[in-house]
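Okay, model27.cif is below, mmCIF, N, CA and C atoms:
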data_start
#
loop_
_atom_site.label_atom_id
_atom_site.label_comp_id
_atom_site.auth_asym_id
_atom_site.auth_seq_id
_atom_site.Cartn_x
_atom_site.Cartn_y
_atom_site.Cartn_z
N MET A 7 6.00 -4.93 -38.72
CA MET A 7 7.19 -4.57 -37.96
C MET A 7 6.89 -3.44 -36.98
N GLN A 8 6.04 -2.50 -37.42
CA GLN A 8 5.74 -1.39 -36.53
C GLN A 8 4.91 -1.83 -35.33
N SER A 9 4.09 -2.85 -35.51
CA SER A 9 3.32 -3.36 -34.37
C SER A 9 4.26 -3.95 -33.32
N MET A 10 5.27 -4.68 -33.76
CA MET A 10 6.25 -5.23 -32.81
C MET A 10 7.04 -4.11 -32.13
N SER A 11 7.36 -3.08 -32.88
CA SER A 11 8.07 -1.94 -32.29
C SER A 11 7.22 -1.26 -31.23
N TYR A 12 5.93 -1.11 -31.53
CA TYR A 12 5.02 -0.50 -30.56
C TYR A 12 4.92 -1.36 -29.30
N LEU A 13 4.80 -2.67 -29.47
CA LEU A 13 4.75 -3.56 -28.32
C LEU A 13 6.04 -3.50 -27.51
N LEU A 14 7.17 -3.34 -28.18
CA LEU A 14 8.45 -3.21 -27.49
C LEU A 14 8.48 -1.93 -26.65
N VAL A 15 8.00 -0.84 -27.21
CA VAL A 15 7.95 0.42 -26.47
C VAL A 15 7.04 0.29 -25.25
N VAL A 16 5.87 -0.30 -25.43
CA VAL A 16 4.94 -0.48 -24.31
C VAL A 16 5.56 -1.38 -23.24
N ALA A 17 6.24 -2.43 -23.65
CA ALA A 17 6.89 -3.33 -22.69
C ALA A 17 7.99 -2.62 -21.91
N VAL A 18 8.79 -1.83 -22.60
CA VAL A 18 9.87 -1.10 -21.92
C VAL A 18 9.29 -0.07 -20.94
N LEU A 19 8.27 0.65 -21.36
CA LEU A 19 7.64 1.62 -20.46
C LEU A 19 6.97 0.94 -19.27
N THR A 20 6.42 -0.24 -19.48
CA THR A 20 5.82 -0.99 -18.38
C THR A 20 6.88 -1.43 -17.38
N VAL A 21 8.03 -1.86 -17.86
CA VAL A 21 9.13 -2.25 -16.96
C VAL A 21 9.63 -1.03 -16.20
N PHE A 22 9.76 0.11 -16.88
CA PHE A 22 10.18 1.33 -16.18
C PHE A 22 9.13 1.74 -15.14
N GLY A 23 7.86 1.54 -15.44
CA GLY A 23 6.81 1.82 -14.46
C GLY A 23 6.91 0.92 -13.24
N ALA A 24 7.23 -0.35 -13.46
CA ALA A 24 7.40 -1.28 -12.34
C ALA A 24 8.61 -0.89 -11.49
N ILE A 25 9.68 -0.46 -12.14
CA ILE A 25 10.86 -0.01 -11.39
C ILE A 25 10.52 1.25 -10.60
N GLY A 26 9.73 2.15 -11.21
CA GLY A 26 9.28 3.33 -10.49
C GLY A 26 8.41 2.97 -9.29
N GLY A 27 7.58 1.95 -9.44
CA GLY A 27 6.77 1.48 -8.31
C GLY A 27 7.62 0.90 -7.19
N LEU A 28 8.69 0.20 -7.57
CA LEU A 28 9.62 -0.33 -6.57
C LEU A 28 10.31 0.80 -5.81
N ILE A 29 10.71 1.82 -6.53
CA ILE A 29 11.33 2.99 -5.88
C ILE A 29 10.31 3.68 -4.98
N ALA A 30 9.07 3.80 -5.44
CA ALA A 30 8.03 4.43 -4.63
C ALA A 30 7.75 3.63 -3.35
N HIS A 31 7.85 2.30 -3.43
CA HIS A 31 7.66 1.47 -2.24
C HIS A 31 8.70 1.81 -1.18
N PHE A 32 9.95 1.90 -1.58
CA PHE A 32 11.00 2.18 -0.60
C PHE A 32 10.97 3.62 -0.13
N ILE A 33 10.54 4.54 -0.98
CA ILE A 33 10.40 5.93 -0.53
C ILE A 33 9.27 6.03 0.48
N ARG A 34 8.17 5.36 0.20
CA ARG A 34 7.05 5.40 1.13
C ARG A 34 7.42 4.76 2.46
N ALA A 35 8.16 3.67 2.41
CA ALA A 35 8.56 3.00 3.65
C ALA A 35 9.56 3.84 4.43
N SER A 36 10.44 4.57 3.75
CA SER A 36 11.43 5.35 4.47
C SER A 36 10.85 6.65 5.01
N LEU A 37 9.83 7.20 4.36
CA LEU A 37 9.21 8.42 4.88
C LEU A 37 8.30 8.13 6.06
N ASP A 38 7.69 6.98 6.07
CA ASP A 38 6.73 6.63 7.12
C ASP A 38 7.40 5.69 8.11
N ARG A 39 8.36 6.20 8.86
CA ARG A 39 9.21 5.36 9.70
C ARG A 39 8.62 5.05 11.06
N GLY A 40 7.98 5.99 11.67
CA GLY A 40 7.50 5.75 13.03
C GLY A 40 6.27 6.55 13.34
N ALA A 41 5.70 6.31 14.51
CA ALA A 41 4.46 6.98 14.89
C ALA A 41 4.67 8.47 15.09
N ASP A 42 5.85 8.90 15.53
CA ASP A 42 6.10 10.31 15.79
C ASP A 42 6.53 11.07 14.55
N SER A 43 6.88 10.36 13.48
CA SER A 43 7.39 11.06 12.31
C SER A 43 6.32 11.90 11.62
N ALA A 44 5.05 11.55 11.79
CA ALA A 44 3.99 12.34 11.18
C ALA A 44 3.88 13.72 11.80
N TYR A 45 4.26 13.83 13.06
CA TYR A 45 4.20 15.12 13.72
C TYR A 45 5.43 15.96 13.43
N GLU A 46 6.53 15.32 13.04
CA GLU A 46 7.75 16.04 12.73
C GLU A 46 7.78 16.51 11.28
N ASN A 47 7.22 15.75 10.37
CA ASN A 47 7.28 16.04 8.95
C ASN A 47 5.87 16.18 8.41
N PRO A 48 5.48 17.37 7.92
CA PRO A 48 4.10 17.54 7.45
C PRO A 48 3.79 16.74 6.18
N TYR A 49 4.81 16.40 5.38
CA TYR A 49 4.57 15.63 4.16
C TYR A 49 4.19 14.19 4.47
N VAL A 50 4.68 13.67 5.58
CA VAL A 50 4.37 12.30 5.96
C VAL A 50 2.96 12.21 6.54
N ALA A 51 2.46 13.30 7.09
CA ALA A 51 1.13 13.28 7.70
C ALA A 51 0.05 12.94 6.68
N ILE A 52 0.29 13.24 5.42
CA ILE A 52 -0.69 12.92 4.38
C ILE A 52 -0.78 11.41 4.19
N ALA A 53 0.34 10.70 4.33
CA ALA A 53 0.37 9.26 4.06
C ALA A 53 0.08 8.41 5.29
N ARG A 54 -0.27 9.02 6.41
CA ARG A 54 -0.55 8.25 7.61
C ARG A 54 -1.86 7.51 7.48
N PRO A 55 -1.97 6.29 8.00
CA PRO A 55 -3.22 5.53 7.89
C PRO A 55 -4.40 6.21 8.57
N GLU A 56 -4.15 6.99 9.61
CA GLU A 56 -5.25 7.63 10.32
C GLU A 56 -5.82 8.81 9.53
N THR A 57 -5.02 9.41 8.65
CA THR A 57 -5.47 10.62 7.98
C THR A 57 -5.82 10.41 6.51
N ALA A 58 -5.37 9.35 5.89
CA ALA A 58 -5.63 9.14 4.47
C ALA A 58 -6.84 8.25 4.26
N LEU A 59 -7.69 8.63 3.32
CA LEU A 59 -8.88 7.84 3.03
C LEU A 59 -8.58 6.68 2.10
N SER A 60 -7.47 6.74 1.37
CA SER A 60 -7.17 5.69 0.40
C SER A 60 -6.67 4.40 1.05
N HIS A 61 -6.41 4.41 2.33
CA HIS A 61 -5.90 3.21 2.98
C HIS A 61 -6.96 2.15 3.18
N TYR A 62 -8.21 2.50 3.05
CA TYR A 62 -9.25 1.48 3.14
C TYR A 62 -9.07 0.45 2.02
N PHE A 63 -8.81 0.92 0.81
CA PHE A 63 -8.58 0.03 -0.32
C PHE A 63 -7.35 -0.83 -0.09
N GLU A 64 -6.28 -0.22 0.40
CA GLU A 64 -5.04 -0.96 0.62
C GLU A 64 -5.16 -1.98 1.74
N LYS A 65 -5.86 -1.63 2.79
CA LYS A 65 -5.98 -2.56 3.93
C LYS A 65 -7.00 -3.65 3.67
N SER A 66 -8.17 -3.29 3.16
CA SER A 66 -9.27 -4.24 3.07
C SER A 66 -9.26 -5.07 1.81
N ILE A 67 -8.97 -4.47 0.67
CA ILE A 67 -9.08 -5.18 -0.60
C ILE A 67 -7.74 -5.78 -1.02
N ILE A 68 -6.69 -4.98 -1.01
CA ILE A 68 -5.37 -5.46 -1.42
C ILE A 68 -4.75 -6.32 -0.33
N GLY A 69 -4.97 -5.95 0.91
CA GLY A 69 -4.38 -6.69 2.02
C GLY A 69 -2.95 -6.29 2.28
N ALA A 70 -2.66 -5.00 2.06
CA ALA A 70 -1.30 -4.52 2.32
C ALA A 70 -0.97 -4.69 3.79
N GLU A 71 0.30 -4.88 4.06
CA GLU A 71 0.74 -5.16 5.42
C GLU A 71 1.31 -3.89 6.05
N TRP A 72 0.96 -3.71 7.32
CA TRP A 72 1.38 -2.54 8.08
C TRP A 72 2.11 -3.02 9.33
N MET A 73 3.01 -2.22 9.82
CA MET A 73 3.71 -2.57 11.05
C MET A 73 2.80 -2.30 12.24
N ASP A 74 3.25 -2.68 13.42
CA ASP A 74 2.43 -2.54 14.62
C ASP A 74 2.11 -1.08 14.94
N ASN A 75 3.02 -0.16 14.60
CA ASN A 75 2.78 1.25 14.89
C ASN A 75 1.98 1.95 13.79
N GLY A 76 1.47 1.21 12.81
CA GLY A 76 0.62 1.78 11.78
C GLY A 76 1.36 2.30 10.57
N CYS A 77 2.63 1.94 10.41
CA CYS A 77 3.43 2.42 9.29
C CYS A 77 3.50 1.36 8.20
N TRP A 78 3.78 1.79 7.00
CA TRP A 78 3.94 0.90 5.84
C TRP A 78 5.08 -0.07 6.10
N ASP A 79 4.84 -1.35 5.89
CA ASP A 79 5.86 -2.37 6.17
C ASP A 79 6.84 -2.45 5.00
N PRO A 80 8.11 -2.09 5.20
CA PRO A 80 9.07 -2.10 4.10
C PRO A 80 9.56 -3.50 3.73
N ASP A 81 9.38 -4.48 4.62
CA ASP A 81 9.88 -5.83 4.37
C ASP A 81 8.84 -6.76 3.75
N SER A 82 7.68 -6.23 3.42
CA SER A 82 6.59 -7.05 2.90
C SER A 82 6.70 -7.19 1.38
N TYR A 83 6.75 -8.43 0.92
CA TYR A 83 6.77 -8.67 -0.53
C TYR A 83 5.42 -8.31 -1.16
N ARG A 84 4.35 -8.45 -0.40
CA ARG A 84 3.03 -8.09 -0.92
C ARG A 84 2.96 -6.58 -1.18
N ASN A 85 3.47 -5.78 -0.25
CA ASN A 85 3.48 -4.34 -0.45
C ASN A 85 4.34 -3.96 -1.65
N MET A 86 5.49 -4.62 -1.77
CA MET A 86 6.38 -4.32 -2.88
C MET A 86 5.73 -4.69 -4.22
N ALA A 87 5.09 -5.84 -4.27
CA ALA A 87 4.42 -6.26 -5.50
C ALA A 87 3.25 -5.34 -5.83
N TYR A 88 2.53 -4.90 -4.82
CA TYR A 88 1.41 -3.97 -5.03
C TYR A 88 1.90 -2.67 -5.65
N MET A 89 2.96 -2.11 -5.10
CA MET A 89 3.48 -0.84 -5.63
C MET A 89 4.06 -1.02 -7.04
N MET A 90 4.72 -2.15 -7.28
CA MET A 90 5.25 -2.39 -8.63
C MET A 90 4.12 -2.56 -9.64
N LEU A 91 3.05 -3.23 -9.24
CA LEU A 91 1.91 -3.41 -10.14
C LEU A 91 1.23 -2.07 -10.43
N MET A 92 1.11 -1.24 -9.42
CA MET A 92 0.49 0.07 -9.62
C MET A 92 1.35 0.94 -10.55
N GLY A 93 2.67 0.78 -10.48
CA GLY A 93 3.54 1.54 -11.38
C GLY A 93 3.51 1.00 -12.80
N ALA A 94 3.33 -0.30 -12.95
CA ALA A 94 3.38 -0.91 -14.28
C ALA A 94 2.04 -0.86 -15.01
N ILE A 95 0.96 -0.76 -14.27
CA ILE A 95 -0.34 -0.84 -14.93
C ILE A 95 -0.66 0.41 -15.75
N GLY A 96 -0.14 1.55 -15.36
CA GLY A 96 -0.40 2.78 -16.10
C GLY A 96 0.12 2.75 -17.53
N PRO A 97 1.41 2.52 -17.73
CA PRO A 97 1.91 2.44 -19.12
C PRO A 97 1.29 1.30 -19.92
N PHE A 98 0.97 0.19 -19.26
CA PHE A 98 0.37 -0.93 -19.97
C PHE A 98 -1.03 -0.58 -20.47
N VAL A 99 -1.84 0.01 -19.61
CA VAL A 99 -3.20 0.37 -20.00
C VAL A 99 -3.18 1.47 -21.07
N LEU A 100 -2.30 2.45 -20.90
CA LEU A 100 -2.18 3.50 -21.92
C LEU A 100 -1.71 2.92 -23.25
N GLY A 101 -0.84 1.93 -23.19
CA GLY A 101 -0.40 1.27 -24.42
C GLY A 101 -1.52 0.52 -25.10
N LEU A 102 -2.36 -0.13 -24.31
CA LEU A 102 -3.53 -0.81 -24.90
C LEU A 102 -4.52 0.18 -25.49
N MET A 103 -4.69 1.31 -24.83
CA MET A 103 -5.61 2.32 -25.34
C MET A 103 -5.08 2.96 -26.62
N GLY A 104 -3.78 3.03 -26.76
CA GLY A 104 -3.19 3.62 -27.95
C GLY A 104 -2.99 2.66 -29.10
N TRP A 105 -3.38 1.40 -28.92
CA TRP A 105 -3.18 0.39 -29.97
C TRP A 105 -3.79 0.78 -31.32
N PRO A 106 -5.01 1.33 -31.38
CA PRO A 106 -5.55 1.70 -32.70
C PRO A 106 -4.73 2.79 -33.40
N ASN A 107 -4.07 3.65 -32.65
CA ASN A 107 -3.27 4.74 -33.22
C ASN A 107 -1.77 4.46 -33.09
N ARG A 108 -1.39 3.20 -33.06
CA ARG A 108 0.00 2.83 -32.78
C ARG A 108 0.98 3.38 -33.80
N TYR A 109 0.58 3.46 -35.06
CA TYR A 109 1.51 3.94 -36.08
C TYR A 109 1.80 5.43 -35.91
N ALA A 110 0.77 6.20 -35.65
CA ALA A 110 0.96 7.64 -35.44
C ALA A 110 1.72 7.91 -34.14
N LEU A 111 1.40 7.17 -33.09
CA LEU A 111 2.10 7.35 -31.81
C LEU A 111 3.58 6.99 -31.93
N LEU A 112 3.85 5.91 -32.65
CA LEU A 112 5.24 5.49 -32.83
C LEU A 112 6.00 6.52 -33.67
N ALA A 113 5.36 7.06 -34.70
CA ALA A 113 6.02 8.07 -35.53
C ALA A 113 6.31 9.33 -34.74
N LYS A 114 5.36 9.77 -33.90
CA LYS A 114 5.58 10.96 -33.08
C LYS A 114 6.66 10.72 -32.03
N GLY A 115 6.65 9.54 -31.44
CA GLY A 115 7.68 9.20 -30.45
C GLY A 115 9.06 9.14 -31.07
N CYS A 116 9.15 8.56 -32.26
CA CYS A 116 10.45 8.50 -32.95
C CYS A 116 10.92 9.88 -33.34
N ALA A 117 10.01 10.74 -33.79
CA ALA A 117 10.39 12.10 -34.16
C ALA A 117 10.92 12.86 -32.94
N ALA A 118 10.32 12.64 -31.79
CA ALA A 118 10.78 13.32 -30.58
C ALA A 118 12.14 12.81 -30.13
N VAL A 119 12.38 11.51 -30.26
CA VAL A 119 13.65 10.94 -29.82
C VAL A 119 14.78 11.28 -30.79
N VAL A 120 14.47 11.33 -32.08
CA VAL A 120 15.50 11.63 -33.09
C VAL A 120 16.01 13.06 -32.93
N GLN A 121 15.20 13.96 -32.38
CA GLN A 121 15.64 15.34 -32.15
C GLN A 121 16.84 15.40 -31.20
N PHE A 122 16.97 14.42 -30.34
CA PHE A 122 18.09 14.37 -29.40
C PHE A 122 19.30 13.66 -29.99
N GLY A 123 19.21 13.25 -31.23
CA GLY A 123 20.31 12.58 -31.89
C GLY A 123 20.40 11.10 -31.60
N LEU A 124 19.34 10.51 -31.11
CA LEU A 124 19.33 9.08 -30.79
C LEU A 124 18.59 8.32 -31.88
N LYS A 125 18.97 7.09 -32.10
CA LYS A 125 18.30 6.20 -33.05
C LYS A 125 17.96 4.92 -32.31
N PRO A 126 16.80 4.89 -31.61
CA PRO A 126 16.46 3.71 -30.85
C PRO A 126 16.07 2.53 -31.73
N LEU A 127 15.99 1.38 -31.11
CA LEU A 127 15.70 0.14 -31.80
C LEU A 127 14.29 0.14 -32.42
N PHE A 128 13.35 0.79 -31.74
CA PHE A 128 11.98 0.74 -32.22
C PHE A 128 11.70 1.73 -33.36
N CYS A 129 12.64 2.58 -33.71
CA CYS A 129 12.49 3.50 -34.84
C CYS A 129 13.20 2.91 -36.05
N SER A 130 12.43 2.42 -37.01
CA SER A 130 13.06 1.83 -38.18
C SER A 130 12.90 2.67 -39.42
#

Will you turn the file into C-alpha coordinates for me?
Amino acid sequence: MQSMSYLLVVAVLTVFGAIGGLIAHFIRASLDRGADSAYENPYVAIARPETALSHYFEKSIIGAEWMDNGCWDPDSYRNMAYMMLMGAIGPFVLGLMGWPNRYALLAKGCAAVVQFGLKPLFCS
(Lines of atoms letter the chains of each structure in order from A and count residues from 1; the text may use other names and numbers.)
(Lines give C-alpha, C1' and ligand atoms only; values in the text may rest on other atoms or scores of the structure.)
Protein backbone atom coordinates (compact mmCIF):
# COMPACT_ATOMS: atom_id res chain seq x y z
CA MET A 1 0.00 0.00 0.00
CA GLN A 2 2.82 2.38 0.79
CA SER A 3 4.37 1.81 -2.64
CA MET A 4 1.11 2.89 -4.28
CA SER A 5 0.96 5.91 -1.99
CA TYR A 6 4.49 6.86 -2.98
CA LEU A 7 3.65 6.50 -6.67
CA LEU A 8 0.58 8.69 -6.12
CA VAL A 9 2.71 11.40 -4.51
CA VAL A 10 5.25 11.25 -7.35
CA ALA A 11 2.44 11.41 -9.94
CA VAL A 12 0.82 14.42 -8.26
CA LEU A 13 4.15 16.24 -7.99
CA THR A 14 4.88 15.45 -11.64
CA VAL A 15 1.52 16.94 -12.68
CA PHE A 16 2.22 20.04 -10.58
CA GLY A 17 5.63 20.29 -12.26
CA ALA A 18 3.99 20.14 -15.69
CA ILE A 19 1.54 22.87 -14.66
CA GLY A 20 4.50 24.92 -13.43
CA GLY A 21 6.18 24.41 -16.81
CA LEU A 22 3.03 25.61 -18.55
CA ILE A 23 3.02 28.73 -16.39
CA ALA A 24 6.73 29.24 -17.10
CA HIS A 25 6.03 29.01 -20.85
CA PHE A 26 3.52 31.85 -20.72
CA ILE A 27 5.70 33.93 -18.39
CA ARG A 28 8.64 33.53 -20.72
CA ALA A 29 6.52 34.43 -23.72
CA SER A 30 5.06 37.50 -22.03
CA LEU A 31 8.42 38.80 -20.79
CA ASP A 32 10.10 38.37 -24.16
CA ARG A 33 7.61 40.36 -26.22
CA GLY A 34 9.66 42.30 -28.71
CA ALA A 35 13.12 43.21 -29.91
CA ASP A 36 13.20 46.46 -27.91
CA SER A 37 11.99 44.94 -24.66
CA ALA A 38 15.47 43.63 -23.83
CA TYR A 39 16.76 47.18 -23.69
CA GLU A 40 13.87 48.37 -21.52
CA ASN A 41 13.88 45.53 -18.98
CA PRO A 42 17.22 44.17 -17.69
CA TYR A 43 15.62 40.88 -16.55
CA VAL A 44 14.54 40.08 -20.11
CA ALA A 45 18.06 40.68 -21.45
CA ILE A 46 19.17 37.43 -19.80
CA ALA A 47 16.60 35.41 -21.78
CA ARG A 48 17.37 36.96 -25.17
CA PRO A 49 18.61 34.52 -27.84
CA GLU A 50 21.61 36.73 -28.61
CA THR A 51 22.85 36.79 -25.02
CA ALA A 52 21.97 33.37 -23.59
CA LEU A 53 24.16 30.35 -24.24
CA SER A 54 21.42 27.85 -23.43
CA HIS A 55 19.48 28.66 -26.59
CA TYR A 56 21.75 26.46 -28.68
CA PHE A 57 20.15 23.40 -27.07
CA GLU A 58 16.65 24.80 -27.54
CA LYS A 59 17.16 25.82 -31.16
CA SER A 60 19.28 22.98 -32.48
CA ILE A 61 18.31 19.89 -30.50
CA ILE A 62 14.78 20.54 -29.22
CA GLY A 63 13.74 22.60 -32.22
CA ALA A 64 11.95 25.27 -30.23
CA GLU A 65 10.18 27.84 -32.33
CA TRP A 66 11.02 31.53 -32.28
CA MET A 67 9.24 34.48 -33.82
CA ASP A 68 10.79 36.54 -36.60
CA ASN A 69 12.15 39.14 -34.17
CA GLY A 70 13.97 36.45 -32.15
CA CYS A 71 11.47 36.13 -29.30
CA TRP A 72 9.98 32.98 -27.78
CA ASP A 73 6.89 31.96 -29.75
CA PRO A 74 3.91 31.87 -27.35
CA ASP A 75 1.59 30.12 -29.84
CA SER A 76 3.85 27.12 -30.43
CA TYR A 77 2.63 23.80 -29.07
CA ARG A 78 6.18 22.47 -29.31
CA ASN A 79 7.45 25.22 -27.01
CA MET A 80 4.60 24.60 -24.59
CA ALA A 81 5.23 20.85 -24.54
CA TYR A 82 8.97 21.43 -24.05
CA MET A 83 8.40 23.67 -21.03
CA MET A 84 5.83 21.28 -19.55
CA LEU A 85 8.21 18.35 -19.98
CA MET A 86 11.05 20.27 -18.35
CA GLY A 87 8.77 21.06 -15.39
CA ALA A 88 7.54 17.48 -15.05
CA ILE A 89 10.83 15.67 -15.44
CA GLY A 90 12.32 16.99 -12.21
CA PRO A 91 9.78 15.53 -9.76
CA PHE A 92 9.61 12.33 -11.80
CA VAL A 93 13.37 11.74 -11.76
CA LEU A 94 13.60 12.65 -8.08
CA GLY A 95 10.77 10.22 -7.39
CA LEU A 96 12.62 7.46 -9.21
CA MET A 97 15.79 8.25 -7.30
CA GLY A 98 13.90 8.09 -4.01
CA TRP A 99 12.28 4.73 -4.76
CA PRO A 100 14.68 2.70 -2.54
CA ASN A 101 13.90 5.02 0.41
CA ARG A 102 10.19 5.41 -0.39
CA TYR A 103 8.97 4.31 3.03
CA ALA A 104 11.13 6.78 4.94
CA LEU A 105 10.37 9.60 2.48
CA LEU A 106 6.65 8.93 2.70
CA ALA A 107 6.77 8.87 6.51
CA LYS A 108 8.68 12.17 6.63
CA GLY A 109 6.32 13.76 4.10
CA CYS A 110 3.28 12.61 6.05
CA ALA A 111 4.76 13.90 9.31
CA ALA A 112 5.32 17.31 7.71
CA VAL A 113 1.80 17.49 6.27
CA VAL A 114 0.10 16.30 9.47
CA GLN A 115 1.67 19.24 11.34
CA PHE A 116 -0.64 21.52 9.36
CA GLY A 117 -3.67 19.52 10.43
CA LEU A 118 -4.19 17.82 7.08
CA LYS A 119 -4.75 14.10 6.47
CA PRO A 120 -3.95 13.48 2.81
CA LEU A 121 -4.92 10.37 0.89
CA PHE A 122 -1.37 9.04 0.70
CA CYS A 123 -0.92 9.04 4.51
CA SER A 124 -2.51 5.89 5.86

* Minimum-distance residue to Ile25 of chain A, chosen among A:Pro80, A:Asn107, A:Leu102, A:Ile95 (using only C-alpha atoms) -> A:Ile95

Would you compute the box with edges along x, y and z of the file around segment 9-14 of chain A, including every atom the file lists for it and 4 Å extra on each side, and give its centre and edge lengths in Å to one decimal, as lines of an AutoDock Vina configuration file?
center_x = 5.9
center_y = -2.9
center_z = -31.1
size_x = 13.2
size_y = 12.7
size_z = 16.9

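If only C-alpha atoms are the atoms counted, then among A:Tyr83, A:Asp74, A:Tyr12, A:Tyr88 the closest residue to Gly27 of chain A is A:Tyr88.
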
* So how far away is atom CA of Met86 of chain A from atom CA of His31 of chain A, in Å? -> 6.0 Å

* Asked: Taking into account all atoms listed in the file, which residue in the set A:Cys77, A:Lys125, A:Phe98, A:Lys65 is nearest to Ala17 of chain A?
  -> A:Phe98

* Asked: Can you list, as a ChimeraX atom specification, every protein, DNA or RNA residue that comes within 10 Å of Ile29 of chain A when you count only C-alpha atoms, leaving out same-chain residues fewer than 3 positions away?
  -> /A:23-26,32-35,86,89-90,93

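Atom CA of Asp81 of chain A is found 16.3 Å from atom CA of Ile68 of chain A.
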
* To do: Mind giving me the straight-line distance from atom CA of Leu91 of chain A to atom N of Leu28 of chain A in Å, one decimal?
  => 8.1 Å

* Asked: Restricting the calculation to only N, CA and C atoms, which member of A:Leu112, A:Leu124, A:Val119, A:Trp78 is positioned closest to Ser36 of chain A?
  -> A:Trp78

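Taking all atoms listed in the file into account, Gly96 of chain A lies nearest to A:Leu19 out of the set A:Leu111, A:Met7, A:Leu19, A:Leu13.
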